[in-house]
$ cat entry-v7.cif   # mmCIF, C-alpha atoms and all ligand atoms
data_final
#
loop_
_atom_site.group_PDB
_atom_site.id
_atom_site.type_symbol
_atom_site.label_atom_id
_atom_site.label_comp_id
_atom_site.auth_asym_id
_atom_site.auth_seq_id
_atom_site.Cartn_x
_atom_site.Cartn_y
_atom_site.Cartn_z
ATOM 1 C CA MET E 232 -134.463 26.147 -36.895
ATOM 2 C CA ALA E 233 -136.922 26.093 -33.993
ATOM 3 C CA THR E 234 -140.529 27.243 -34.264
ATOM 4 C CA ILE E 235 -141.086 27.990 -30.581
ATOM 5 C CA GLY E 236 -138.485 29.612 -28.356
ATOM 6 C CA ILE E 237 -138.504 28.606 -24.699
ATOM 7 C CA ILE E 238 -136.478 31.095 -22.699
ATOM 8 C CA MET E 239 -136.008 31.386 -18.946
ATOM 9 C CA GLY E 240 -134.324 33.743 -16.528
ATOM 10 C CA SER E 241 -132.158 31.121 -14.828
ATOM 11 C CA ASP E 242 -131.217 27.470 -15.054
ATOM 12 C CA SER E 243 -133.131 27.137 -11.765
ATOM 13 C CA ASP E 244 -136.300 27.539 -13.897
ATOM 14 C CA LEU E 245 -135.392 24.653 -16.212
ATOM 15 C CA ALA E 246 -137.222 21.808 -14.457
ATOM 16 C CA ILE E 247 -140.515 23.722 -14.757
ATOM 17 C CA MET E 248 -139.827 25.029 -18.277
ATOM 18 C CA MET E 249 -139.059 21.492 -19.490
ATOM 19 C CA GLU E 250 -142.754 20.714 -19.021
ATOM 20 C CA ALA E 251 -143.333 23.099 -21.951
ATOM 21 C CA GLY E 252 -140.745 21.251 -24.034
ATOM 22 C CA ASP E 253 -142.277 17.877 -23.137
ATOM 23 C CA MET E 254 -145.708 19.111 -24.245
ATOM 24 C CA LEU E 255 -144.327 20.465 -27.538
ATOM 25 C CA ASP E 256 -142.639 17.078 -28.102
ATOM 26 C CA LYS E 257 -146.021 15.422 -27.635
ATOM 27 C CA LEU E 258 -147.562 17.812 -30.191
ATOM 28 C CA GLY E 259 -144.724 17.367 -32.702
ATOM 29 C CA ILE E 260 -143.519 20.988 -32.591
ATOM 30 C CA ASP E 261 -139.836 21.887 -32.622
ATOM 31 C CA TYR E 262 -138.412 24.287 -30.063
ATOM 32 C CA ASP E 263 -135.188 25.357 -28.429
ATOM 33 C CA TYR E 264 -134.205 26.305 -24.892
ATOM 34 C CA THR E 265 -132.359 29.468 -23.912
ATOM 35 C CA VAL E 266 -131.246 30.673 -20.484
ATOM 36 C CA CYS E 267 -130.974 34.453 -20.434
ATOM 37 C CA SER E 268 -131.892 37.185 -17.971
ATOM 38 C CA ALA E 269 -133.498 40.584 -18.356
ATOM 39 C CA HIS E 270 -131.427 41.806 -15.406
ATOM 40 C CA ARG E 271 -128.154 39.877 -15.574
ATOM 41 C CA LEU E 272 -127.884 39.797 -19.393
ATOM 42 C CA PRO E 273 -129.954 42.747 -20.648
ATOM 43 C CA PHE E 274 -128.166 43.170 -24.003
ATOM 44 C CA GLU E 275 -128.387 39.454 -24.832
ATOM 45 C CA THR E 276 -132.088 39.509 -23.939
ATOM 46 C CA GLN E 277 -132.625 42.394 -26.341
ATOM 47 C CA LYS E 278 -130.692 40.551 -29.071
ATOM 48 C CA TYR E 279 -132.689 37.334 -28.565
ATOM 49 C CA ALA E 280 -135.985 39.219 -28.876
ATOM 50 C CA THR E 281 -135.088 41.478 -31.793
ATOM 51 C CA GLU E 282 -133.693 38.549 -33.809
ATOM 52 C CA ALA E 283 -136.380 36.016 -32.832
ATOM 53 C CA SER E 284 -138.576 36.483 -35.878
ATOM 54 C CA GLU E 285 -135.732 36.387 -38.421
ATOM 55 C CA ASN E 286 -134.445 33.276 -36.625
ATOM 56 C CA GLY E 287 -137.716 31.542 -37.490
ATOM 57 C CA LEU E 288 -139.533 31.636 -34.172
ATOM 58 C CA LYS E 289 -143.321 31.959 -34.369
ATOM 59 C CA ALA E 290 -143.984 32.397 -30.634
ATOM 60 C CA ILE E 291 -141.932 32.689 -27.461
ATOM 61 C CA ILE E 292 -142.570 31.074 -24.093
ATOM 62 C CA ALA E 293 -140.723 33.016 -21.397
ATOM 63 C CA GLY E 294 -140.475 31.885 -17.783
ATOM 64 C CA ALA E 295 -139.113 33.873 -14.871
ATOM 65 C CA GLY E 296 -139.456 34.111 -11.117
ATOM 66 C CA GLY E 297 -139.471 36.911 -8.558
ATOM 67 C CA ALA E 298 -139.127 40.344 -10.193
ATOM 68 C CA ALA E 299 -139.973 38.536 -13.407
ATOM 69 C CA HIS E 300 -139.306 41.068 -16.148
ATOM 70 C CA LEU E 301 -138.011 38.709 -18.837
ATOM 71 C CA PRO E 302 -141.335 38.057 -20.663
ATOM 72 C CA GLY E 303 -142.262 41.746 -20.687
ATOM 73 C CA VAL E 304 -138.855 42.901 -21.895
ATOM 74 C CA ILE E 305 -138.924 40.327 -24.693
ATOM 75 C CA ALA E 306 -142.449 41.454 -25.657
ATOM 76 C CA ALA E 307 -141.149 45.026 -25.854
ATOM 77 C CA TYR E 308 -138.646 44.046 -28.569
ATOM 78 C CA THR E 309 -140.761 41.778 -30.790
ATOM 79 C CA ILE E 310 -144.291 41.561 -32.168
ATOM 80 C CA LEU E 311 -144.229 37.748 -31.920
ATOM 81 C CA PRO E 312 -146.730 36.449 -29.365
ATOM 82 C CA VAL E 313 -145.055 36.091 -25.963
ATOM 83 C CA ILE E 314 -146.467 33.711 -23.367
ATOM 84 C CA GLY E 315 -145.244 34.321 -19.821
ATOM 85 C CA VAL E 316 -144.787 31.588 -17.229
ATOM 86 C CA PRO E 317 -144.589 32.847 -13.638
ATOM 87 C CA ILE E 318 -142.189 30.566 -11.763
ATOM 88 C CA LYS E 319 -143.026 29.612 -8.162
ATOM 89 C CA THR E 320 -140.628 31.269 -5.712
ATOM 90 C CA SER E 321 -139.663 30.246 -2.185
ATOM 91 C CA SER E 322 -140.249 33.663 -0.607
ATOM 92 C CA LEU E 323 -143.610 34.709 -2.115
ATOM 93 C CA SER E 324 -144.796 31.435 -3.704
ATOM 94 C CA GLY E 325 -144.802 32.879 -7.203
ATOM 95 C CA ILE E 326 -147.359 35.634 -6.559
ATOM 96 C CA ASP E 327 -144.461 38.056 -7.145
ATOM 97 C CA SER E 328 -143.695 36.391 -10.492
ATOM 98 C CA LEU E 329 -147.361 36.320 -11.514
ATOM 99 C CA TYR E 330 -147.971 39.996 -10.771
ATOM 100 C CA SER E 331 -144.696 41.012 -12.453
ATOM 101 C CA ILE E 332 -145.627 39.200 -15.657
ATOM 102 C CA VAL E 333 -149.372 39.705 -15.943
ATOM 103 C CA GLN E 334 -149.647 43.460 -15.339
ATOM 104 C CA MET E 335 -148.248 44.677 -18.636
ATOM 105 C CA PRO E 336 -148.979 48.201 -19.808
ATOM 106 C CA LYS E 337 -151.529 48.725 -22.565
ATOM 107 C CA GLY E 338 -149.955 48.110 -25.976
ATOM 108 C CA ILE E 339 -147.383 45.433 -25.005
ATOM 109 C CA PRO E 340 -149.266 42.275 -23.995
ATOM 110 C CA VAL E 341 -147.853 39.103 -22.481
ATOM 111 C CA ALA E 342 -150.280 36.155 -22.432
ATOM 112 C CA THR E 343 -149.783 34.909 -18.892
ATOM 113 C CA VAL E 344 -150.483 31.369 -17.705
ATOM 114 C CA GLY E 345 -150.764 30.184 -14.102
ATOM 115 C CA ILE E 346 -147.834 29.821 -11.710
ATOM 116 C CA ASN E 347 -145.568 27.038 -13.049
ATOM 117 C CA GLY E 348 -148.064 26.593 -15.918
ATOM 118 C CA SER E 349 -145.501 25.934 -18.611
ATOM 119 C CA ALA E 350 -147.397 22.965 -20.102
ATOM 120 C CA ASN E 351 -150.367 25.257 -20.709
ATOM 121 C CA ALA E 352 -148.013 27.832 -22.223
ATOM 122 C CA ALA E 353 -146.937 25.178 -24.725
ATOM 123 C CA ILE E 354 -150.539 24.293 -25.563
ATOM 124 C CA LEU E 355 -151.376 27.966 -26.076
ATOM 125 C CA ALA E 356 -148.336 28.387 -28.333
ATOM 126 C CA ALA E 357 -149.505 25.340 -30.302
ATOM 127 C CA GLN E 358 -152.997 26.813 -30.603
ATOM 128 C CA ILE E 359 -151.461 29.974 -32.083
ATOM 129 C CA LEU E 360 -149.612 27.850 -34.662
ATOM 130 C CA ALA E 361 -152.715 25.738 -35.321
ATOM 131 C CA VAL E 362 -154.546 28.709 -36.868
ATOM 132 C CA SER E 363 -152.390 28.204 -39.975
ATOM 133 C CA ASP E 364 -151.017 24.674 -39.518
ATOM 134 C CA GLU E 365 -153.294 21.652 -40.030
ATOM 135 C CA ASN E 366 -150.802 19.190 -38.535
ATOM 136 C CA VAL E 367 -150.684 21.101 -35.259
ATOM 137 C CA GLN E 368 -154.474 21.399 -35.357
ATOM 138 C CA ALA E 369 -154.754 17.601 -35.657
ATOM 139 C CA ALA E 370 -152.212 17.046 -32.857
ATOM 140 C CA LEU E 371 -154.154 19.350 -30.529
ATOM 141 C CA LEU E 372 -157.437 17.583 -31.306
ATOM 142 C CA ARG E 373 -155.783 14.203 -30.615
ATOM 143 C CA TYR E 374 -154.447 15.528 -27.311
ATOM 144 C CA ARG E 375 -157.943 16.700 -26.271
ATOM 145 C CA GLN E 376 -159.432 13.334 -27.226
ATOM 146 C CA GLU E 377 -156.795 11.516 -25.149
ATOM 147 C CA MET E 378 -157.559 13.736 -22.146
ATOM 148 C CA ALA E 379 -161.287 13.135 -22.472
ATOM 149 C CA ALA E 380 -160.752 9.365 -22.769
ATOM 150 C CA GLY E 381 -158.583 9.477 -19.627
ATOM 151 C CA VAL E 382 -161.297 11.194 -17.587
ATOM 152 C CA LEU E 383 -163.990 8.795 -18.878
ATOM 153 C CA ALA E 384 -161.811 5.808 -17.947
ATOM 154 C CA LYS E 385 -161.333 7.162 -14.406
ATOM 155 C CA ASP E 386 -165.063 7.759 -14.012
ATOM 156 C CA ALA E 387 -165.814 4.229 -15.185
ATOM 157 C CA GLU E 388 -163.293 2.762 -12.711
ATOM 158 C CA LEU E 389 -164.679 4.882 -9.852
ATOM 159 C CA LYS E 390 -168.190 3.640 -10.559
ATOM 160 C CA SER E 391 -166.997 0.073 -10.906
ATOM 161 C CA ILE E 392 -164.862 -0.308 -7.738
ATOM 162 C CA GLY E 393 -166.253 2.465 -5.492
ATOM 163 C CA ALA E 394 -164.644 5.506 -3.912
ATOM 164 C CA LYS E 395 -162.723 3.793 -1.060
ATOM 165 C CA LYS E 396 -160.987 1.242 -3.266
ATOM 166 C CA TYR E 397 -160.370 3.868 -5.953
ATOM 167 C CA LEU E 398 -158.522 6.108 -3.495
ATOM 168 C CA GLN E 399 -156.516 3.152 -2.117
ATOM 169 C CA ASN E 400 -155.429 2.273 -5.656
ATOM 170 C CA ARG E 401 -154.314 5.870 -6.244
ATOM 171 C CA GLN E 402 -151.974 5.850 -3.200
HETATM 172 C C1 LIG I 1 -135.224 35.056 -12.019
HETATM 173 O O1 LIG I 1 -134.769 34.937 -10.733
HETATM 174 C C2 LIG I 1 -135.146 33.682 -12.614
HETATM 175 O O2 LIG I 1 -136.135 33.525 -13.586
HETATM 176 C C3 LIG I 1 -135.343 32.765 -11.454
HETATM 177 O O3 LIG I 1 -136.672 32.274 -11.370
HETATM 178 C C4 LIG I 1 -135.060 33.651 -10.247
HETATM 179 C C5 LIG I 1 -133.927 33.129 -9.412
HETATM 180 O O4 LIG I 1 -132.776 32.971 -10.218
HETATM 181 P P1 LIG I 1 -131.444 32.286 -9.639
HETATM 182 O O5 LIG I 1 -130.993 33.164 -8.522
HETATM 183 O O6 LIG I 1 -131.874 30.909 -9.187
HETATM 184 O O7 LIG I 1 -130.482 32.227 -10.799
HETATM 185 O O8 LIG I 1 -134.476 35.948 -12.771
#

$ encode --input "entry-v7.cif" --output "structure tokens" --more "lines below"
Ligand code: RP5
Amino acid sequence: MATIGIIMGSDSDLAIMMEAGDMLDKLGIDYDYTVCSAHRLPFETQKYATEASENGLKAIIAGAGGAAHLPGVIAAYTILPVIGVPIKTSSLSGIDSLYSIVQMPKGIPVATVGINGSANAAILAAQILAVSDENVQAALLRYRQEMAAGVLAKDAELKSIGAKKYLQNRQ
């Protein structure tokens, strides 16, 4: 039984939403993927959301693009935390997705990350779990330490070889 549900409006969202799964793998949290659609499969979307808690989910990451109603509709049917991922679109670059997801009415929140920000959605879901799970807490602290070490290593290399060589090495 998965702890985090990752749901998306179309299989065309999968490449972006897999970044959430990859991050949860790194943090040792189990999850499952679902493709559903608030518009094309409204009854199945309702079922997914109403049964999410009894199915063991603790938080839901929902990605959608364009008229991106999936996260908001799911939030309407569950009191689990819902994190929305606006997917970048070809016509409006994801601004349409972002505005559709972030502007929820008072009373039914969706925690919205940046456009294509599914890795951050996974970290936020982990932080929600970490409030009552010491293993997730430890995994998140390790992840932060790794990030910090990575930045320090880059700074040390930049100082050691200089900006020109550093940029050449990056290309
Ligand atoms: C949304 O419409 C999906 O989340 C997707 O981002 C977008 C386009 O879907 P497809 O036409 O590629 O299936 O519902």

$ residues_near_point --input "entry-v7.cif" --point "(-144.9, 30.7, -18.0)" --cutoff "10 Å" --atoms "all atoms listed in the file" --output "ChimeraX atom specification"
/E:237-239,247-248,251,292-296,302,313-318,328-329,332,341-353

$ residues_around --input "entry-v7.cif" --residues "Ala369 (chain E)" --least-positions-apart "4" --cutoff "12 Å" --atoms "all atoms listed in the file" --output "PDB file with C-alpha atoms, in the frame of the given file"
ATOM      1  CA  LEU E 258    -147.562  17.812 -30.191  1.00  0.00           C
ATOM      2  CA  GLY E 259    -144.724  17.367 -32.702  1.00  0.00           C
ATOM      3  CA  ALA E 357    -149.505  25.340 -30.302  1.00  0.00           C
ATOM      4  CA  GLN E 358    -152.997  26.813 -30.603  1.00  0.00           C
ATOM      5  CA  LEU E 360    -149.612  27.850 -34.662  1.00  0.00           C
ATOM      6  CA  ALA E 361    -152.715  25.738 -35.321  1.00  0.00           C
ATOM      7  CA  VAL E 362    -154.546  28.709 -36.868  1.00  0.00           C
ATOM      8  CA  SER E 363    -152.390  28.204 -39.975  1.00  0.00           C
ATOM      9  CA  ASP E 364    -151.017  24.674 -39.518  1.00  0.00           C
ATOM     10  CA  GLU E 365    -153.294  21.652 -40.030  1.00  0.00           C
ATOM     11  CA  ARG E 373    -155.783  14.203 -30.615  1.00  0.00           C
ATOM     12  CA  TYR E 374    -154.447  15.528 -27.311  1.00  0.00           C
ATOM     13  CA  ARG E 375    -157.943  16.700 -26.271  1.00  0.00           C
ATOM     14  CA  GLN E 376    -159.432  13.334 -27.226  1.00  0.00           C
TER      15      GLN E 376
END

$ residues_around --input "entry-v7.cif" --residues "Ile310 (chain E)" --least-positions-apart "6" --cutoff "10 Å" --atoms "all atoms listed in the file" --output "JSON, numbers by chain"
{"E": [280, 281, 283, 284, 289, 290, 339, 340]}

$ atom_distance --input "entry-v7.cif" --atom1 "CA of Ala306 (chain E)" --atom2 "CA of Met254 (chain E)"
22.6 Å

$ residues_near_ligand --input "entry-v7.cif" --ligand "ligand LIG 1 (chain I)" --cutoff "9 Å" --atoms "all atoms listed in the file" --output "NGL selection string"
:E and (239-244 or 266-271 or 294-301 or 317-320 or 328)

$ build_atoms --input "entry-v7.cif" --residues "region 324-345 of chain E" --atoms "N, CA, C and O atoms" --output "compact mmCIF listing (two decimals), in the frame of the given file"
# COMPACT_ATOMS: atom_id res chain seq x y z
N SER E 324 -144.02 32.52 -3.06
CA SER E 324 -144.80 31.44 -3.70
C SER E 324 -145.18 31.70 -5.16
O SER E 324 -146.11 31.08 -5.68
N GLY E 325 -144.52 32.64 -5.79
CA GLY E 325 -144.80 32.88 -7.20
C GLY E 325 -145.82 33.97 -7.46
O GLY E 325 -146.05 34.36 -8.60
N ILE E 326 -146.43 34.50 -6.39
CA ILE E 326 -147.36 35.63 -6.56
C ILE E 326 -146.58 36.83 -7.11
O ILE E 326 -147.08 37.59 -7.96
N ASP E 327 -145.33 36.98 -6.64
CA ASP E 327 -144.46 38.06 -7.14
C ASP E 327 -144.23 37.89 -8.65
O ASP E 327 -144.36 38.84 -9.43
N SER E 328 -143.93 36.67 -9.06
CA SER E 328 -143.70 36.39 -10.49
C SER E 328 -144.95 36.67 -11.31
O SER E 328 -144.91 37.29 -12.37
N LEU E 329 -146.09 36.16 -10.80
CA LEU E 329 -147.36 36.32 -11.51
C LEU E 329 -147.69 37.80 -11.72
O LEU E 329 -147.98 38.23 -12.84
N TYR E 330 -147.63 38.57 -10.66
CA TYR E 330 -147.97 40.00 -10.77
C TYR E 330 -146.98 40.72 -11.68
O TYR E 330 -147.36 41.63 -12.44
N SER E 331 -145.70 40.35 -11.60
CA SER E 331 -144.70 41.01 -12.45
C SER E 331 -144.98 40.77 -13.93
O SER E 331 -144.74 41.63 -14.77
N ILE E 332 -145.46 39.56 -14.25
CA ILE E 332 -145.63 39.20 -15.66
C ILE E 332 -146.98 39.65 -16.21
O ILE E 332 -147.08 40.12 -17.34
N VAL E 333 -148.02 39.52 -15.39
CA VAL E 333 -149.37 39.70 -15.94
C VAL E 333 -149.75 41.18 -16.13
O VAL E 333 -150.53 41.51 -17.01
N GLN E 334 -149.18 42.06 -15.33
CA GLN E 334 -149.65 43.46 -15.34
C GLN E 334 -148.86 44.31 -16.33
O GLN E 334 -148.24 45.31 -15.98
N MET E 335 -148.96 43.91 -17.60
CA MET E 335 -148.25 44.68 -18.64
C MET E 335 -149.01 45.95 -18.99
O MET E 335 -150.23 46.00 -18.90
N PRO E 336 -148.29 46.98 -19.41
CA PRO E 336 -148.98 48.20 -19.81
C PRO E 336 -149.70 48.01 -21.14
O PRO E 336 -149.30 47.16 -21.95
N LYS E 337 -150.75 48.77 -21.32
CA LYS E 337 -151.53 48.72 -22.56
C LYS E 337 -150.60 48.90 -23.77
O LYS E 337 -149.74 49.78 -23.78
N GLY E 338 -150.75 48.01 -24.75
CA GLY E 338 -149.96 48.11 -25.98
C GLY E 338 -148.89 47.04 -26.11
O GLY E 338 -148.44 46.74 -27.21
N ILE E 339 -148.44 46.46 -24.97
CA ILE E 339 -147.38 45.43 -25.00
C ILE E 339 -147.86 44.23 -24.18
O ILE E 339 -147.48 44.06 -23.02
N PRO E 340 -148.72 43.37 -24.78
CA PRO E 340 -149.27 42.28 -24.00
C PRO E 340 -148.31 41.10 -23.82
O PRO E 340 -147.48 40.83 -24.69
N VAL E 341 -148.45 40.42 -22.69
CA VAL E 341 -147.85 39.10 -22.48
C VAL E 341 -149.00 38.19 -22.05
O VAL E 341 -149.69 38.49 -21.07
N ALA E 342 -149.23 37.12 -22.80
CA ALA E 342 -150.28 36.16 -22.43
C ALA E 342 -149.75 35.34 -21.26
O ALA E 342 -148.78 34.60 -21.41
N THR E 343 -150.37 35.50 -20.11
CA THR E 343 -149.78 34.91 -18.89
C THR E 343 -150.56 33.68 -18.45
O THR E 343 -151.79 33.74 -18.32
N VAL E 344 -149.85 32.58 -18.22
CA VAL E 344 -150.48 31.37 -17.70
C VAL E 344 -150.31 31.33 -16.19
O VAL E 344 -149.71 32.23 -15.59
N GLY E 345 -150.85 30.30 -15.56
CA GLY E 345 -150.76 30.18 -14.10
C GLY E 345 -149.34 29.94 -13.62
O GLY E 345 -148.42 29.67 -14.40
